[in-house]
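Text of the file run_26.txt, holding compact mmCIF, C-alpha atoms:
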# COMPACT_ATOMS: atom_id res chain seq x y z
CA MET A 1 -38.13 -8.84 -8.14
CA SER A 2 -36.94 -9.99 -4.70
CA PRO A 3 -33.73 -8.38 -3.45
CA VAL A 4 -30.60 -10.51 -3.68
CA LYS A 5 -29.56 -11.65 -0.22
CA SER A 6 -27.63 -14.77 -1.16
CA LEU A 7 -25.27 -15.71 -3.97
CA CYS A 8 -23.48 -18.95 -4.86
CA ARG A 9 -19.86 -18.29 -5.74
CA ASP A 10 -19.64 -21.41 -7.90
CA CYS A 11 -22.78 -21.42 -10.07
CA LEU A 12 -23.81 -17.76 -9.43
CA GLN A 13 -27.38 -18.65 -8.45
CA PRO A 14 -28.91 -15.77 -6.45
CA GLY A 15 -31.34 -16.19 -3.58
CA ASP A 16 -33.70 -13.99 -1.60
CA SER A 17 -32.84 -15.53 1.78
CA ALA A 18 -29.84 -16.90 3.63
CA ARG A 19 -28.79 -20.51 2.97
CA SER A 20 -25.87 -22.71 3.98
CA ARG A 21 -25.71 -24.62 0.69
CA CYS A 22 -26.59 -23.71 -2.90
CA ASP A 23 -29.95 -25.11 -3.99
CA ALA A 24 -28.74 -25.56 -7.58
CA CYS A 25 -25.21 -27.01 -7.34
CA GLY A 26 -24.87 -27.98 -3.68
CA SER A 27 -21.81 -25.75 -3.10
CA VAL A 28 -21.17 -24.45 0.38
CA ARG A 29 -19.42 -21.39 -1.05
CA VAL A 30 -22.44 -19.18 -0.59
CA VAL A 31 -22.36 -15.50 0.35
CA ASN A 32 -25.25 -14.42 2.57
CA HIS A 33 -26.05 -10.87 3.60
CA GLU A 34 -29.16 -8.71 3.98
CA GLU A 35 -27.49 -5.85 2.06
CA LEU A 36 -25.83 -8.00 -0.61
CA GLY A 37 -27.92 -6.62 -3.46
CA THR A 38 -27.41 -2.94 -2.61
CA LEU A 39 -23.72 -2.50 -1.70
CA CYS A 40 -21.43 -1.14 -4.41
CA ILE A 41 -17.99 -0.21 -2.96
CA ALA A 42 -15.45 -3.00 -3.36
CA HIS A 43 -11.83 -3.61 -2.46
CA LEU A 44 -9.93 -6.19 -4.51
CA ASP A 45 -6.73 -7.57 -3.01
CA CYS A 46 -4.55 -10.20 -4.69
CA ASP A 47 -3.54 -13.13 -2.46
CA ALA A 48 0.23 -13.21 -1.78
CA PHE A 49 0.55 -11.66 -5.22
CA TYR A 50 4.24 -11.90 -6.10
CA ALA A 51 4.51 -15.42 -4.68
CA SER A 52 1.31 -16.43 -6.49
CA VAL A 53 2.72 -15.27 -9.83
CA GLU A 54 5.90 -17.25 -9.16
CA LYS A 55 3.90 -20.40 -8.36
CA ARG A 56 1.73 -19.89 -11.42
CA ASP A 57 4.79 -19.76 -13.65
CA ARG A 58 6.59 -22.58 -11.83
CA PRO A 59 3.98 -25.23 -10.97
CA GLU A 60 6.58 -27.39 -9.22
CA LEU A 61 6.58 -24.78 -6.42
CA ARG A 62 2.85 -25.17 -5.73
CA ASP A 63 3.21 -27.09 -2.45
CA GLN A 64 6.45 -25.47 -1.32
CA PRO A 65 6.99 -22.39 0.87
CA VAL A 66 8.01 -19.49 -1.35
CA ILE A 67 9.48 -16.16 -0.27
CA VAL A 68 9.92 -13.31 -2.73
CA GLY A 69 12.68 -11.00 -1.56
CA GLY A 70 16.27 -10.05 -2.00
CA GLY A 71 19.57 -10.86 -0.36
CA VAL A 72 20.57 -11.59 3.19
CA ARG A 73 20.24 -7.92 4.14
CA GLY A 74 17.00 -7.40 2.22
CA VAL A 75 13.41 -7.78 3.32
CA VAL A 76 10.53 -10.05 2.39
CA SER A 77 8.40 -8.58 -0.39
CA THR A 78 5.79 -11.36 -0.26
CA ALA A 79 5.52 -14.76 1.36
CA CYS A 80 3.13 -17.45 0.18
CA TYR A 81 0.58 -18.81 2.64
CA ILE A 82 2.67 -21.92 3.34
CA ALA A 83 5.60 -19.74 4.38
CA ARG A 84 3.27 -17.58 6.46
CA GLN A 85 2.37 -20.63 8.52
CA HIS A 86 6.00 -20.58 9.67
CA GLY A 87 5.67 -16.95 10.77
CA VAL A 88 7.14 -15.26 7.70
CA ARG A 89 5.61 -11.87 6.95
CA SER A 90 6.03 -9.07 4.43
CA ALA A 91 8.70 -6.48 5.34
CA MET A 92 10.43 -8.99 7.63
CA PRO A 93 14.26 -9.05 7.33
CA MET A 94 15.36 -11.88 5.06
CA PHE A 95 17.74 -13.35 7.62
CA LYS A 96 14.86 -13.74 10.06
CA ALA A 97 12.56 -15.21 7.40
CA ARG A 98 15.21 -17.78 6.42
CA LYS A 99 15.61 -18.77 10.06
CA LEU A 100 11.85 -19.22 10.51
CA CYS A 101 11.45 -21.16 7.27
CA PRO A 102 14.81 -22.66 6.24
CA ASP A 103 13.21 -24.85 3.54
CA ALA A 104 11.64 -21.92 1.71
CA VAL A 105 12.42 -21.29 -1.94
CA VAL A 106 13.66 -17.69 -2.07
CA ILE A 107 13.11 -15.86 -5.36
CA ALA A 108 14.29 -12.40 -6.37
CA PRO A 109 11.35 -10.23 -7.43
CA ASP A 110 10.56 -9.83 -11.12
CA PHE A 111 8.39 -6.72 -11.30
CA ARG A 112 8.00 -6.96 -15.07
CA ARG A 113 5.96 -10.16 -14.71
CA TYR A 114 4.06 -8.82 -11.70
CA LYS A 115 3.15 -5.69 -13.66
CA GLN A 116 1.87 -7.82 -16.55
CA ALA A 117 -0.36 -9.83 -14.20
CA SER A 118 -1.54 -6.64 -12.49
CA ASP A 119 -2.49 -5.07 -15.81
CA GLN A 120 -4.53 -8.16 -16.69
CA ILE A 121 -6.38 -8.06 -13.37
CA LEU A 122 -7.03 -4.33 -13.30
CA GLY A 123 -8.03 -4.38 -16.95
CA ARG A 124 -10.80 -6.85 -16.15
CA LEU A 125 -11.92 -4.69 -13.23
CA ALA A 126 -11.92 -1.61 -15.49
CA ALA A 127 -14.29 -3.41 -17.86
CA LEU A 128 -16.90 -3.22 -15.08
CA THR A 129 -16.47 0.40 -14.00
CA PRO A 130 -14.25 3.42 -14.72
CA LEU A 131 -14.28 4.31 -11.02
CA ILE A 132 -11.14 2.47 -9.91
CA GLN A 133 -8.50 3.70 -7.50
CA THR A 134 -5.40 1.52 -7.23
CA LEU A 135 -3.22 1.39 -4.15
CA SER A 136 -0.46 -0.78 -5.60
CA LEU A 137 0.07 -3.49 -8.21
CA ASP A 138 -2.08 -5.92 -6.25
CA GLU A 139 -4.99 -3.98 -4.75
CA ALA A 140 -7.62 -1.47 -5.77
CA TRP A 141 -10.94 0.04 -4.77
CA ALA A 142 -13.85 0.11 -7.20
CA ASP A 143 -17.21 1.88 -7.16
CA LEU A 144 -19.78 -0.16 -9.10
CA SER A 145 -22.81 2.00 -8.42
CA GLY A 146 -25.05 2.36 -11.45
CA THR A 147 -23.51 -0.58 -13.33
CA GLU A 148 -26.27 -3.14 -12.77
CA ARG A 149 -27.98 -2.81 -16.14
CA LEU A 150 -24.77 -2.47 -18.12
CA ASN A 151 -23.10 -5.52 -16.53
CA GLY A 152 -26.13 -7.75 -16.04
CA GLY A 153 -26.61 -7.82 -12.28
CA PRO A 154 -25.80 -6.18 -8.95
CA PRO A 155 -22.18 -5.46 -7.99
CA ALA A 156 -21.97 -8.60 -5.85
CA LEU A 157 -22.73 -10.79 -8.86
CA GLN A 158 -20.29 -8.88 -11.06
CA LEU A 159 -17.52 -9.28 -8.50
CA VAL A 160 -18.07 -13.01 -8.00
CA ARG A 161 -17.86 -13.49 -11.77
CA LEU A 162 -14.74 -11.31 -11.88
CA GLN A 163 -13.07 -13.28 -9.09
CA ALA A 164 -13.60 -16.57 -10.93
CA GLU A 165 -12.46 -15.06 -14.24
CA ILE A 166 -9.19 -13.78 -12.73
CA GLU A 167 -8.41 -17.17 -11.20
CA ARG A 168 -9.24 -18.99 -14.43
CA GLU A 169 -7.60 -16.66 -16.96
CA VAL A 170 -4.79 -14.89 -15.06
CA GLY A 171 -3.89 -17.83 -12.87
CA VAL A 172 -3.80 -16.08 -9.49
CA THR A 173 -6.44 -15.66 -6.80
CA VAL A 174 -7.92 -12.50 -5.31
CA SER A 175 -9.99 -11.69 -2.25
CA ILE A 176 -12.81 -9.17 -2.40
CA GLY A 177 -14.52 -7.04 0.22
CA LEU A 178 -17.91 -5.41 -0.43
CA ALA A 179 -19.22 -2.62 1.79
CA PRO A 180 -20.85 0.83 1.85
CA ASN A 181 -17.49 2.68 1.95
CA ARG A 182 -13.78 2.32 1.22
CA PHE A 183 -12.67 1.79 4.81
CA LEU A 184 -15.04 -1.12 5.43
CA ALA A 185 -14.43 -2.68 2.01
CA LYS A 186 -10.68 -2.86 2.66
CA ILE A 187 -11.23 -4.49 6.04
CA ALA A 188 -13.69 -6.98 4.52
CA SER A 189 -11.23 -8.09 1.83
CA ASP A 190 -8.77 -9.21 4.49
CA LEU A 191 -11.21 -11.29 6.55
CA ASP A 192 -11.12 -14.59 4.68
CA LYS A 193 -7.94 -14.83 2.60
CA PRO A 194 -7.15 -16.44 0.26
CA ARG A 195 -10.01 -16.55 -2.28
CA GLY A 196 -12.25 -14.70 0.14
CA PHE A 197 -15.46 -12.79 -0.55
CA GLN A 198 -16.71 -10.95 2.50
CA VAL A 199 -19.41 -8.36 3.06
CA ILE A 200 -19.78 -5.73 5.78
CA GLY A 201 -23.09 -3.90 5.72
CA ALA A 202 -23.97 -0.50 7.09
CA ALA A 203 -26.35 -1.85 9.72
CA GLU A 204 -23.79 -4.13 11.38
CA ALA A 205 -20.63 -2.08 10.87
CA VAL A 206 -20.31 -0.34 14.25
CA GLY A 207 -20.92 -3.54 16.17
CA PHE A 208 -18.57 -5.44 13.87
CA LEU A 209 -15.75 -2.96 14.48
CA ALA A 210 -16.23 -2.51 18.23
CA PRO A 211 -14.18 -5.48 19.56
CA ARG A 212 -11.39 -5.13 17.00
CA PRO A 213 -8.03 -3.50 17.76
CA VAL A 214 -7.41 0.09 16.72
CA SER A 215 -4.45 -1.11 14.63
CA ILE A 216 -6.82 -2.11 11.79
CA LEU A 217 -7.89 1.51 11.26
CA PRO A 218 -6.29 3.13 8.18
CA GLY A 219 -3.26 5.18 9.16
CA VAL A 220 -2.96 3.67 12.62
CA GLY A 221 0.49 2.11 12.51
CA THR A 222 2.54 0.65 15.32
CA VAL A 223 3.46 4.00 16.85
CA MET A 224 -0.06 5.36 16.96
CA ALA A 225 -1.55 2.05 18.08
CA ARG A 226 0.75 2.07 21.11
CA GLN A 227 -0.22 5.68 21.84
CA LEU A 228 -3.95 4.97 21.63
CA HIS A 229 -3.58 1.86 23.76
CA SER A 230 -1.72 3.76 26.48
CA ASP A 231 -4.40 6.48 26.35
CA GLY A 232 -7.10 3.93 27.09
CA TYR A 233 -8.33 3.13 23.59
CA PRO A 234 -7.16 -0.43 22.75
CA SER A 235 -10.30 -1.28 20.76
CA ILE A 236 -12.34 0.56 18.15
CA GLY A 237 -15.31 0.32 20.48
CA ASP A 238 -13.36 2.33 23.05
CA LEU A 239 -12.89 5.08 20.49
CA ALA A 240 -16.56 4.95 19.49
CA ALA A 241 -17.59 5.40 23.13
CA ALA A 242 -15.24 8.35 23.66
CA ASP A 243 -16.48 11.91 23.61
CA LEU A 244 -15.66 13.65 20.33
CA LYS A 245 -14.35 16.73 22.11
CA THR A 246 -12.00 14.57 24.18
CA LEU A 247 -10.58 12.95 21.04
CA VAL A 248 -10.11 16.28 19.26
CA THR A 249 -8.44 17.78 22.33
CA ALA A 250 -6.03 14.84 22.53
CA TYR A 251 -5.30 14.29 18.82
CA GLY A 252 -6.33 17.43 16.96
CA GLU A 253 -7.92 16.98 13.54
CA TRP A 254 -7.06 13.30 13.60
CA GLY A 255 -9.32 12.93 16.63
CA LEU A 256 -12.28 13.75 14.38
CA ARG A 257 -11.09 11.20 11.84
CA LEU A 258 -10.78 8.53 14.55
CA HIS A 259 -14.29 9.32 15.72
CA GLU A 260 -15.68 8.94 12.20
CA LEU A 261 -13.87 5.66 11.53
CA ALA A 262 -14.89 4.20 14.88
CA HIS A 263 -18.50 4.84 13.84
CA ALA A 264 -17.84 3.15 10.46
CA ARG A 265 -18.09 6.41 8.53
CA ASP A 266 -15.77 7.18 5.61
CA ALA A 267 -16.70 9.96 3.18
CA ARG A 268 -13.77 9.38 0.81
CA ARG A 269 -14.90 8.59 -2.71
CA VAL A 270 -13.23 6.15 -5.07
CA ASN A 271 -11.10 8.62 -7.01
CA PRO A 272 -9.46 7.46 -10.25
CA GLU A 273 -7.34 10.61 -10.29
CA ARG A 274 -5.55 9.31 -7.21
CA ASP A 275 -4.71 6.14 -9.13
CA ARG A 276 -0.96 6.19 -8.65
CA LYS A 277 1.48 3.50 -7.64
CA GLY A 278 4.46 5.71 -6.92
CA MET A 279 6.43 8.90 -7.58
CA SER A 280 10.12 9.58 -8.01
CA ALA A 281 12.86 12.11 -8.71
CA GLU A 282 16.34 11.52 -10.10
CA THR A 283 19.45 13.32 -11.31
CA THR A 284 22.24 12.42 -13.75
CA PHE A 285 25.77 13.62 -12.97
CA ASN A 286 28.16 15.48 -15.24
CA GLU A 287 30.86 13.09 -14.07
CA ASP A 288 30.54 9.68 -12.43
CA LEU A 289 30.56 9.81 -8.62
CA SER A 290 31.88 7.28 -6.13
CA ASP A 291 32.47 9.38 -3.02
CA ILE A 292 29.75 8.58 -0.47
CA GLU A 293 29.45 12.16 0.79
CA ALA A 294 29.11 13.44 -2.75
CA LEU A 295 26.33 10.94 -3.40
CA ARG A 296 24.57 11.89 -0.17
CA ALA A 297 24.80 15.54 -1.17
CA GLU A 298 23.04 14.77 -4.44
CA LEU A 299 20.44 12.61 -2.67
CA TRP A 300 19.23 15.22 -0.17
CA PRO A 301 17.72 17.77 -2.63
CA LEU A 302 15.96 14.92 -4.42
CA CYS A 303 14.42 13.86 -1.12
CA GLU A 304 13.34 17.46 -0.50
CA LYS A 305 11.83 17.72 -3.96
CA LEU A 306 9.96 14.43 -3.71
CA ALA A 307 8.71 14.99 -0.15
CA MET A 308 7.42 18.46 -1.05
CA ARG A 309 5.59 16.98 -4.04
CA ALA A 310 4.07 14.25 -1.84
CA ARG A 311 2.79 16.84 0.64
CA ARG A 312 1.45 19.03 -2.16
CA GLU A 313 -0.46 16.11 -3.67
CA GLY A 314 -1.68 14.85 -0.29
CA VAL A 315 -0.02 11.43 -0.36
CA ALA A 316 2.52 9.51 1.69
CA GLY A 317 4.53 6.43 0.81
CA GLN A 318 5.19 3.22 2.72
CA VAL A 319 8.04 2.05 0.49
CA ALA A 320 11.23 4.06 -0.06
CA ILE A 321 13.17 3.27 -3.23
CA LEU A 322 16.77 4.12 -4.08
CA LYS A 323 17.72 4.05 -7.76
CA LEU A 324 21.35 3.97 -8.93
CA ARG A 325 22.82 3.64 -12.41
CA THR A 326 26.43 2.52 -12.50
CA SER A 327 29.14 3.85 -14.81
CA ASP A 328 28.58 0.81 -17.06
CA PHE A 329 24.85 1.66 -17.27
CA ARG A 330 23.57 -1.12 -15.00
CA LEU A 331 20.44 -0.07 -13.15
CA LEU A 332 20.27 -0.93 -9.44
CA THR A 333 17.06 -0.57 -7.43
CA ARG A 334 16.95 -0.92 -3.66
CA ARG A 335 13.77 -0.62 -1.62
CA VAL A 336 12.65 -0.80 1.97
CA THR A 337 9.13 -1.15 3.38
CA LEU A 338 8.58 1.29 6.25
CA PRO A 339 6.60 0.77 9.47
CA GLU A 340 4.61 3.96 8.76
CA PRO A 341 3.93 5.87 5.51
CA ILE A 342 6.10 9.00 5.27
CA GLN A 343 6.04 12.36 3.51
CA THR A 344 9.03 14.21 4.98
CA ALA A 345 12.46 14.70 3.41
CA ARG A 346 13.96 13.92 6.81
CA SER A 347 12.59 10.39 6.94
CA LEU A 348 12.99 9.74 3.22
CA PHE A 349 16.64 10.77 3.33
CA ALA A 350 17.34 8.64 6.41
CA HIS A 351 16.01 5.48 4.75
CA ALA A 352 17.58 6.25 1.37
CA ARG A 353 20.94 6.98 2.99
CA ALA A 354 20.84 3.61 4.76
CA LEU A 355 20.23 1.89 1.43
CA LEU A 356 23.02 3.89 -0.20
CA ASP A 357 25.50 3.17 2.60
CA ALA A 358 24.92 -0.58 2.14
CA GLU A 359 26.23 -0.44 -1.44
CA PRO A 360 29.83 -1.52 -2.17
CA ALA A 361 32.46 1.17 -1.62
CA ALA A 362 34.29 2.67 -4.61
CA ARG A 363 31.59 1.75 -7.15
CA ARG A 364 31.05 4.60 -9.58
CA TYR A 365 27.59 5.94 -10.46
CA ARG A 366 26.25 8.18 -13.19
CA LEU A 367 22.72 8.62 -11.78
CA ILE A 368 20.94 8.58 -8.46
CA GLY A 369 17.19 8.66 -7.83
CA ILE A 370 14.69 8.42 -4.99
CA GLY A 371 11.13 7.13 -5.05
CA LEU A 372 8.07 6.53 -2.91
CA ALA A 373 5.69 3.62 -3.54
CA ASN A 374 2.59 2.11 -1.94
CA LEU A 375 1.08 5.58 -1.74
CA VAL A 376 -1.80 6.33 0.60
CA ASP A 377 -3.87 9.40 1.38
CA ALA A 378 -1.91 11.67 3.69
CA GLU A 379 -4.99 12.13 5.86
CA ALA A 380 -4.60 8.49 6.82
CA VAL A 381 -1.08 9.02 8.18
CA PRO A 382 -1.36 10.46 11.70
CA ALA A 383 1.43 8.33 13.18
CA SER A 384 3.97 11.11 12.77
CA LEU A 385 1.99 13.17 15.25
CA PHE A 386 3.02 10.68 17.93
CA ASP A 387 6.67 10.38 16.93
CA GLN A 388 8.27 13.51 18.34
CA GLY A 389 11.07 13.77 15.80
CA GLU A 390 8.95 12.99 12.77
CA GLY A 391 6.14 15.24 14.00
CA ARG A 392 8.53 18.18 14.30
CA ALA A 393 9.96 17.46 10.86
CA LEU A 394 6.52 17.37 9.27
CA ARG A 395 5.48 20.66 10.88
CA THR A 396 8.78 22.27 9.89
CA GLU A 397 8.64 21.08 6.30
CA ARG A 398 5.03 22.20 5.93
CA ALA A 399 6.06 25.65 7.19
CA ILE A 400 8.92 25.69 4.66
CA ASP A 401 6.45 24.73 1.93
CA SER A 402 4.34 27.73 2.86
CA LEU A 403 7.29 30.12 2.81
CA ARG A 404 8.56 28.77 -0.49
CA GLY A 405 5.07 29.12 -1.93
CA ARG A 406 5.08 32.81 -1.04
CA PHE A 407 8.71 33.79 -1.66
CA GLY A 408 10.12 31.17 -4.04
CA LEU A 409 11.93 27.84 -3.78
CA ASP A 410 15.19 29.46 -2.67
CA ALA A 411 13.57 31.41 0.15
CA VAL A 412 14.35 28.75 2.77
CA GLN A 413 17.25 26.30 2.67
CA ALA A 414 17.74 23.34 4.99
CA GLY A 415 21.10 23.05 6.74
CA ARG A 416 22.17 20.05 4.65
CA ALA A 417 21.26 21.87 1.44
CA LEU A 418 23.69 24.67 2.33
CA LYS A 419 26.67 22.29 2.27
CA PRO A 420 28.71 22.56 -0.95
CA ARG A 421 27.93 19.79 -3.41
CA PRO A 422 31.15 18.30 -4.79
CA ARG A 423 29.92 18.21 -8.40
CA PRO A 424 26.90 19.78 -10.09
CA ALA A 425 24.16 17.58 -11.51
CA ARG A 426 23.39 17.68 -15.20
CA LYS A 427 19.73 16.77 -15.44
CA GLN A 428 16.80 16.29 -13.12
CA ASP A 429 13.54 14.45 -13.87
Conversion result in structure tokens:
Amino acid sequence: MSPVKSLCRDCLQPGDSARSRCDACGSVRVVNHEELGTLCIAHLDCDAFYASVEKRDRPELRDQPVIVGGGVRGVVSTACYIARQHGVRSAMPMFKARKLCPDAVVIAPDFRRYKQASDQILGRLAALTPLIQTLSLDEAWADLSGTERLNGGPPALQLVRLQAEIEREVGVTVSIGLAPNRFLAKIASDLDKPRGFQVIGAAEAVGFLAPRPVSILPGVGTVMARQLHSDGYPSIGDLAAADLKTLVTAYGEWGLRLHELAHARDARRVNPERDRKGMSAETTFNEDLSDIEALRAELWPLCEKLAMRARREGVAGQVAILKLRTSDFRLLTRRVTLPEPIQTARSLFAHARALLDAEPAARRYRLIGIGLANLVDAEAVPASLFDQGEGRALRTERAIDSLRGRFGLDAVQAGRALKPRPRPARKQD
């Protein structure tokens, strides 16, 4: 049998050579690649997911700009592609998004419906392979190696069928990247949104990456991108051409990681055990609290607890979440998307405190909680090494982790933790 090098996304007809139009149905939606029949690592990414669910459930919004987000002081969770044409982006302050797109329909997020749609999508992916690692509600990696006989064709064919099935039965669209490793698959899925299906093969990968900015590398956020640019590495090709010893001398262990990524190498496996969307910690008070300092005092040890757990499990979060339950049992959730993933109590507390301080004064609460979402591998978070304050905090907290591991949790106390807490907590989860 000839290897599959071409596949029609509409009628699924395979081909053994490149073509611009399907021989069977005439569609121009044809995927061509020399390695199409052999690649098995995929990244699935929903297109403007929250906004797409809103448009699915409210068809009258189909041709209108839609922004999912909260309040004047909140941030954009998702913007549809029409709103994005006006410059609206995720994590942008709502006041700025409204100014850029004053005609947008702004909708408060409904995570119950988004979770339902996510479960439908990921359930269909799980029917193809058990090797799935989710990053959030709307994206996941999958390893489809060894599934050809079970699912009736190579991974590329399975994924094209899946993409059509999700659009038809769930009512939202997804983009898919197919590649030899996780890093390249995630980049591929973002190349042709929405409804994209892109392939990056092993043979072309280094040349494909070379002209692209270092900011597309996993873990290279705004801080690190500026640092690399000022050090003479604006493109991935510049990193690939650099001497490994020079990179390690300049950036430590992360220098080795940069060298590997610049040469399109990523040894991370798709790990279902790392399939987690978030983590949290909370405490319920013996008596309702309204004093801001008392609430901050309860918040700090939760941040310490959660940050230590994140470091222990090797993850960092790009969304900080504050959870409050009022005296009349109403649950309030506030979240902020961060410029870089974090795993220190220092940063987590700073963002959570800002969310807490924005709440109305004198409101009484019976519970406070802190969470991290949009978790990523900690090895892909080197930005803190280039932020002096955050870098010091991470090194300090790792040292405290080590001491507590040897001598107990009470062996080392941070300065804030030594302040008297106005009222004891009743329960921690």
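If you measure from each of A:Glu260, A:Glu359, A:Glu35, A:Glu282 to Ala202 (chain A) using all atoms listed in the file, the closest one turns out to be A:Glu35.
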* Could you work out how far CA of Val68 (chain A) lies from CA of Leu295 (chain A), giving the answer in Å with one decimal? ->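 Interatomic distance here is 29.3 Å.
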* Long-range neighbours of Ser145 (chain A) as a list in words, 12 Å cut-off, only C-alpha atoms, 3 positions minimum in chain -> Gly37, Thr38, Leu39, Cys40, Ile41, Ala42, Leu128, Thr129, Pro130, Leu131, Ile132, Ala142, Glu148, Arg149, Leu150, Asn151, Gly153, Pro154, Pro155, Ala156, Gln158, Leu178, Ala179, Pro180, Asn181, Arg269 and Val270 of chain A
* Asked: Quick one, how far is CA of Glu167 (chain A) from CA of Thr147 (chain A)?
  ->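 Separating CA of Glu167 (chain A) from CA of Thr147 (chain A) is a distance of 22.5 Å.
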* Excluding Ala48 (chain A) and residues on its chain fewer than 5 positions from it, collect all residues at most 9 Å away from it, counting only C-alpha atoms, and give them as a PyMOL selection string. => chain A and resi 53+78-81+138+173-174+194
* **One-decimal distance in Å that lies between CA of Leu372 (chain A) and CA of Val172 (chain A)** =>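 Those two atoms sit 26.4 Å apart.
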* Which residue gives the smallest distance to Ile342 (chain A) among A:Leu356, A:Asn32, A:Leu394, A:Gly152, with only C-alpha atoms counted? ->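 Closest to Ile342 (chain A) of all the choices is A:Leu394.
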* To do: Using all atoms listed in the file, collect all residues at a distance of at most 8 Å from (21.8, 7.1, -14.3) as written in the file, then present them as a list in words.
  =>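 Output of the proximity query reads Thr283, Thr284, Phe285, Leu324, Arg325, Thr326, Phe329, Leu331, Tyr365, Arg366, Leu367 and Ile368 of chain A.
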Dump of C-alpha atoms for the selected residues, as a compact mmCIF listing (two decimals), in the coordinates of the input:
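The resulting out.txt:
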# COMPACT_ATOMS: atom_id res chain seq x y z
CA THR A 283 19.45 13.32 -11.31
CA THR A 284 22.24 12.42 -13.75
CA PHE A 285 25.77 13.62 -12.97
CA LEU A 324 21.35 3.97 -8.93
CA ARG A 325 22.82 3.64 -12.41
CA THR A 326 26.43 2.52 -12.50
CA PHE A 329 24.85 1.66 -17.27
CA LEU A 331 20.44 -0.07 -13.15
CA TYR A 365 27.59 5.94 -10.46
CA ARG A 366 26.25 8.18 -13.19
CA LEU A 367 22.72 8.62 -11.78
CA ILE A 368 20.94 8.58 -8.46
* Using only C-alpha atoms, which residues sit within 7 Å of Lys323 (chain A) once same-chain residues fewer than 2 positions away are excluded, as a VMD selection string? -> chain A and resid 321 325 332 to 334 368 to 370
Kindly save the residues from that selection, with C-alpha atoms included, as a tab-separated table (two decimals), in the frame of the given file.
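As written to disk, out.tsv reads:
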chain	number	residue	atom	x	y	z
A	321	ILE	CA	13.17	3.27	-3.23
A	325	ARG	CA	22.82	3.64	-12.41
A	332	LEU	CA	20.27	-0.93	-9.44
A	333	THR	CA	17.06	-0.57	-7.43
A	334	ARG	CA	16.95	-0.92	-3.66
A	368	ILE	CA	20.94	8.58	-8.46
A	369	GLY	CA	17.19	8.66	-7.83
A	370	ILE	CA	14.69	8.42	-4.99
* **Exercise: Leu12 (chain A) partners within 12 Å, all atoms listed in the file, chain neighbours under 5 positions left out, as number ranges by chain** => A: 4, 6-7, 22-27, 29-31, 153-154, 156-164
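Each of A:Pro272, A:Gly252, A:Gly371, A:Pro109 was compared to Ala140 (chain A) using only C-alpha atoms, and A:Pro272 turns out to be the nearest.
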* Out of A:Val248, A:Val376, A:Leu256, A:Leu261, which residue has the shortest atom-to-atom distance to Leu209 (chain A) when counting all atoms listed in the file? -> A:Leu261
* Which residues, protein or nucleic acid, reach to within 6 Å of (-27.7, -15.8, 5.6) in the file's coordinates when using only C-alpha atoms, and can you give that as a PyMOL selection string? -> chain A and resi 18-19+32-33
* Contacts of region 238-243 of chain A at 8 Å or less, counting all atoms listed in the file, minus same-chain residues fewer than 2 places along, as a PyMOL selection string? -> chain A and resi 210+232-236+245-247+258-259+262-263
* A:Ala373, A:Ala126, A:Thr344, A:Ala310 ranked by distance to Ala393 (chain A), top pick (using all atoms listed in the file) ->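 Looking at the shortest contact to Ala393 (chain A), the residue is A:Thr344.
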